[in-house]
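Data first, discussion second: the structure below is written as structure tokens.
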Amino acid sequence: MSKRFDTRLRRLRHLYHRLSAPRRRQVLKAAVALRDGSRPPRVWVFLDGSTY
Amino acid sequence: MGIGASIRTIREQRGMTQADLARATAIEQSYLSRLETGSRDSRPNALVLARIAKALEISVDELFLETGIRRSKDRDAELRWKKLERVFQALPASRQVDLLALADALSKVPELPLVPKVIGDIEDTEDKEGPP
């Protein structure tokens, strides 16, 4: 693996572990969609901090 | 998703054919084929699963995570991270950057705080006041 990939993976690990369980699921869902080439789910982030 | 479908999904992600997996595990290809299609006579025992998992370079737990079988929350969280790591590796660099941007955005927005439900109270107050 390249050094850049390692940096990105480290950054993802850092961010991922700061997220709540529902948001972690959103990230995983988006990753799977990106990998499978399907349209990634839209994540709406409202001003009050809620997501949909 | 059953265990057979899970094996097939991961095998294909690895770019392995059934023949490759059969060679790596010393399991007959015809049995692997029945296993992947979910035939009744192909329930794998623990040793077979361990050999398959080893050949696919994952843990047996991860194999089960693909099937959607639930586990303890901590274990789930750990396995989800491992799955995300695997999926992330399979993404092209530009998509990895996209995913990082999403995770970054989500980490910056605070969680919705828990607020007491006051709708009932407001309605009660309105009823009490009545018309002037």
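Chain labels follow the order of the structure tokens: the first chain is A, the next B, and so on; residue numbering restarts at 1 in every chain, and ligands are counted from 1 in their shown order.
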| said: So that I can see what lies close to B:Leu99, please list as a count of residues only the residues with an atom at most 10 Å from it, counting only C-alpha atoms and leaving out residues fewer than 2 positions away in the same chain. | reply: 20
Need the shell around stretch 4-7 of chain B: protein/DNA/RNA residues with any atom at most 12 Å away, counting only C-alpha atoms. Skip same-chain ones fewer than 5 positions apart. Format as a PDB file with C-alpha atoms, in the first residue's frame?
ATOM      1  CA  GLU B  12     -15.112 -12.436  -5.940  1.00  0.00           C
ATOM      2  CA  GLN B  13     -13.863  -9.276  -4.214  1.00  0.00           C
ATOM      3  CA  ARG B  14     -10.513 -11.023  -3.895  1.00  0.00           C
ATOM      4  CA  MET B  16     -10.424 -15.563  -6.872  1.00  0.00           C
ATOM      5  CA  THR B  17     -12.191 -18.254  -8.851  1.00  0.00           C
ATOM      6  CA  GLN B  18     -13.828 -21.236  -7.193  1.00  0.00           C
ATOM      7  CA  LEU B  21     -10.316 -21.227  -3.491  1.00  0.00           C
ATOM      8  CA  TYR B  31     -18.531 -28.874  -2.660  1.00  0.00           C
ATOM      9  CA  LEU B  32     -17.593 -25.166  -2.717  1.00  0.00           C
ATOM     10  CA  SER B  33     -20.027 -24.653  -5.564  1.00  0.00           C
ATOM     11  CA  ARG B  34     -22.863 -26.287  -3.592  1.00  0.00           C
ATOM     12  CA  LEU B  35     -21.852 -24.302  -0.518  1.00  0.00           C
ATOM     13  CA  GLU B  36     -21.952 -20.981  -2.352  1.00  0.00           C
ATOM     14  CA  THR B  37     -25.350 -21.680  -3.871  1.00  0.00           C
ATOM     15  CA  GLY B  38     -26.750 -22.678  -0.481  1.00  0.00           C
ATOM     16  CA  SER B  39     -27.519 -26.341  -1.109  1.00  0.00           C
ATOM     17  CA  ARG B  40     -29.000 -28.165   1.846  1.00  0.00           C
ATOM     18  CA  SER B  42     -23.519 -28.357   2.143  1.00  0.00           C
ATOM     19  CA  ARG B  43     -23.600 -27.041   5.698  1.00  0.00           C
ATOM     20  CA  PRO B  44     -19.941 -26.316   6.407  1.00  0.00           C
ATOM     21  CA  VAL B  48     -14.109 -25.895   6.734  1.00  0.00           C
ATOM     22  CA  LEU B  49     -15.132 -22.317   7.542  1.00  0.00           C
ATOM     23  CA  ALA B  50     -11.778 -21.686   9.207  1.00  0.00           C
ATOM     24  CA  ARG B  51      -9.928 -22.939   6.115  1.00  0.00           C
ATOM     25  CA  ILE B  52     -12.048 -20.832   3.797  1.00  0.00           C
ATOM     26  CA  ALA B  53     -11.633 -17.730   5.981  1.00  0.00           C
ATOM     27  CA  LYS B  54      -7.871 -18.246   6.085  1.00  0.00           C
ATOM     28  CA  ALA B  55      -7.685 -18.592   2.310  1.00  0.00           C
ATOM     29  CA  LEU B  56      -9.756 -15.417   1.909  1.00  0.00           C
ATOM     30  CA  GLU B  57      -7.475 -13.644   4.413  1.00  0.00           C
ATOM     31  CA  ILE B  58     -10.266 -12.699   6.787  1.00  0.00           C
ATOM     32  CA  SER B  59     -11.460 -13.966  10.154  1.00  0.00           C
ATOM     33  CA  VAL B  60     -14.425 -16.316  10.526  1.00  0.00           C
ATOM     34  CA  ASP B  61     -16.148 -13.465  12.384  1.00  0.00           C
ATOM     35  CA  GLU B  62     -15.858 -11.222   9.349  1.00  0.00           C
ATOM     36  CA  LEU B  63     -17.306 -14.000   7.234  1.00  0.00           C
ATOM     37  CA  PHE B  64     -20.350 -14.008   9.507  1.00  0.00           C
ATOM     38  CA  LEU B  65     -20.573 -10.211   9.516  1.00  0.00           C
ATOM     39  CA  GLU B  66     -21.211 -10.361   5.762  1.00  0.00           C
ATOM     40  CA  THR B  67     -24.206 -12.588   6.463  1.00  0.00           C
ATOM     41  CA  GLY B  68     -25.757  -9.961   8.734  1.00  0.00           C
ATOM     42  CA  ILE B  69     -25.801 -12.256  11.771  1.00  0.00           C
TER      43      ILE B  69
END
| said: Can you work out which residues from chain B touch chain A at a cut-off of 6 Å (counting only C-alpha atoms) and hand them back as number ranges by chain? | reply: B: 84, 91, 107, 109-112
For the selection just defined, write its residues with all heavy atoms to a file, as a PDB file, in the first residue's frame.
ATOM      1  N   LEU B  84     -15.279  -1.771   6.775  1.00  0.00           N
ATOM      2  CA  LEU B  84     -15.065  -0.474   6.134  1.00  0.00           C
ATOM      3  C   LEU B  84     -13.632  -0.377   5.587  1.00  0.00           C
ATOM      4  O   LEU B  84     -13.414   0.105   4.477  1.00  0.00           O
ATOM      5  CB  LEU B  84     -15.341   0.659   7.129  1.00  0.00           C
ATOM      6  CG  LEU B  84     -15.127   2.076   6.589  1.00  0.00           C
ATOM      7  CD1 LEU B  84     -16.072   2.357   5.425  1.00  0.00           C
ATOM      8  CD2 LEU B  84     -15.329   3.120   7.676  1.00  0.00           C
ATOM      9  N   LEU B  91     -11.543   0.870  -3.005  1.00  0.00           N
ATOM     10  CA  LEU B  91     -11.970   2.074  -3.725  1.00  0.00           C
ATOM     11  C   LEU B  91     -10.799   2.736  -4.452  1.00  0.00           C
ATOM     12  O   LEU B  91      -9.672   2.721  -3.955  1.00  0.00           O
ATOM     13  CB  LEU B  91     -12.552   3.095  -2.741  1.00  0.00           C
ATOM     14  CG  LEU B  91     -13.852   2.751  -2.032  1.00  0.00           C
ATOM     15  CD1 LEU B  91     -14.204   3.856  -1.042  1.00  0.00           C
ATOM     16  CD2 LEU B  91     -14.983   2.552  -3.019  1.00  0.00           C
ATOM     17  N   SER B 107     -18.397  14.325  11.120  1.00  0.00           N
ATOM     18  CA  SER B 107     -17.726  14.477  12.422  1.00  0.00           C
ATOM     19  C   SER B 107     -17.767  15.921  12.928  1.00  0.00           C
ATOM     20  O   SER B 107     -17.621  16.167  14.112  1.00  0.00           O
ATOM     21  CB  SER B 107     -16.273  14.008  12.329  1.00  0.00           C
ATOM     22  OG  SER B 107     -15.519  14.945  11.596  1.00  0.00           O
ATOM     23  N   VAL B 109     -20.411  18.077  12.421  1.00  0.00           N
ATOM     24  CA  VAL B 109     -21.756  18.522  12.788  1.00  0.00           C
ATOM     25  C   VAL B 109     -22.135  17.855  14.112  1.00  0.00           C
ATOM     26  O   VAL B 109     -22.075  16.637  14.223  1.00  0.00           O
ATOM     27  CB  VAL B 109     -22.771  18.123  11.689  1.00  0.00           C
ATOM     28  CG1 VAL B 109     -24.154  18.604  12.056  1.00  0.00           C
ATOM     29  CG2 VAL B 109     -22.331  18.682  10.359  1.00  0.00           C
ATOM     30  N   PRO B 110     -22.513  18.644  15.105  1.00  0.00           N
ATOM     31  CA  PRO B 110     -22.847  18.030  16.397  1.00  0.00           C
ATOM     32  C   PRO B 110     -24.092  17.158  16.298  1.00  0.00           C
ATOM     33  O   PRO B 110     -24.948  17.373  15.435  1.00  0.00           O
ATOM     34  CB  PRO B 110     -23.084  19.235  17.310  1.00  0.00           C
ATOM     35  CG  PRO B 110     -23.360  20.376  16.397  1.00  0.00           C
ATOM     36  CD  PRO B 110     -22.649  20.092  15.113  1.00  0.00           C
ATOM     37  N   GLU B 111     -24.148  16.183  17.170  1.00  0.00           N
ATOM     38  CA  GLU B 111     -25.318  15.298  17.218  1.00  0.00           C
ATOM     39  C   GLU B 111     -26.533  16.091  17.690  1.00  0.00           C
ATOM     40  O   GLU B 111     -26.400  17.057  18.434  1.00  0.00           O
ATOM     41  CB  GLU B 111     -25.067  14.147  18.192  1.00  0.00           C
ATOM     42  CG  GLU B 111     -23.983  13.204  17.758  1.00  0.00           C
ATOM     43  CD  GLU B 111     -24.436  12.233  16.670  1.00  0.00           C
ATOM     44  OE1 GLU B 111     -25.649  11.968  16.574  1.00  0.00           O
ATOM     45  OE2 GLU B 111     -23.579  11.750  15.940  1.00  0.00           O
ATOM     46  N   LEU B 112     -27.696  15.671  17.249  1.00  0.00           N
ATOM     47  CA  LEU B 112     -28.934  16.302  17.695  1.00  0.00           C
ATOM     48  C   LEU B 112     -29.093  16.079  19.201  1.00  0.00           C
ATOM     49  O   LEU B 112     -29.147  14.938  19.649  1.00  0.00           O
ATOM     50  CB  LEU B 112     -30.114  15.682  16.946  1.00  0.00           C
ATOM     51  CG  LEU B 112     -31.504  16.225  17.231  1.00  0.00           C
ATOM     52  CD1 LEU B 112     -31.599  17.678  16.793  1.00  0.00           C
ATOM     53  CD2 LEU B 112     -32.550  15.396  16.524  1.00  0.00           C
TER      54      LEU B 112
END
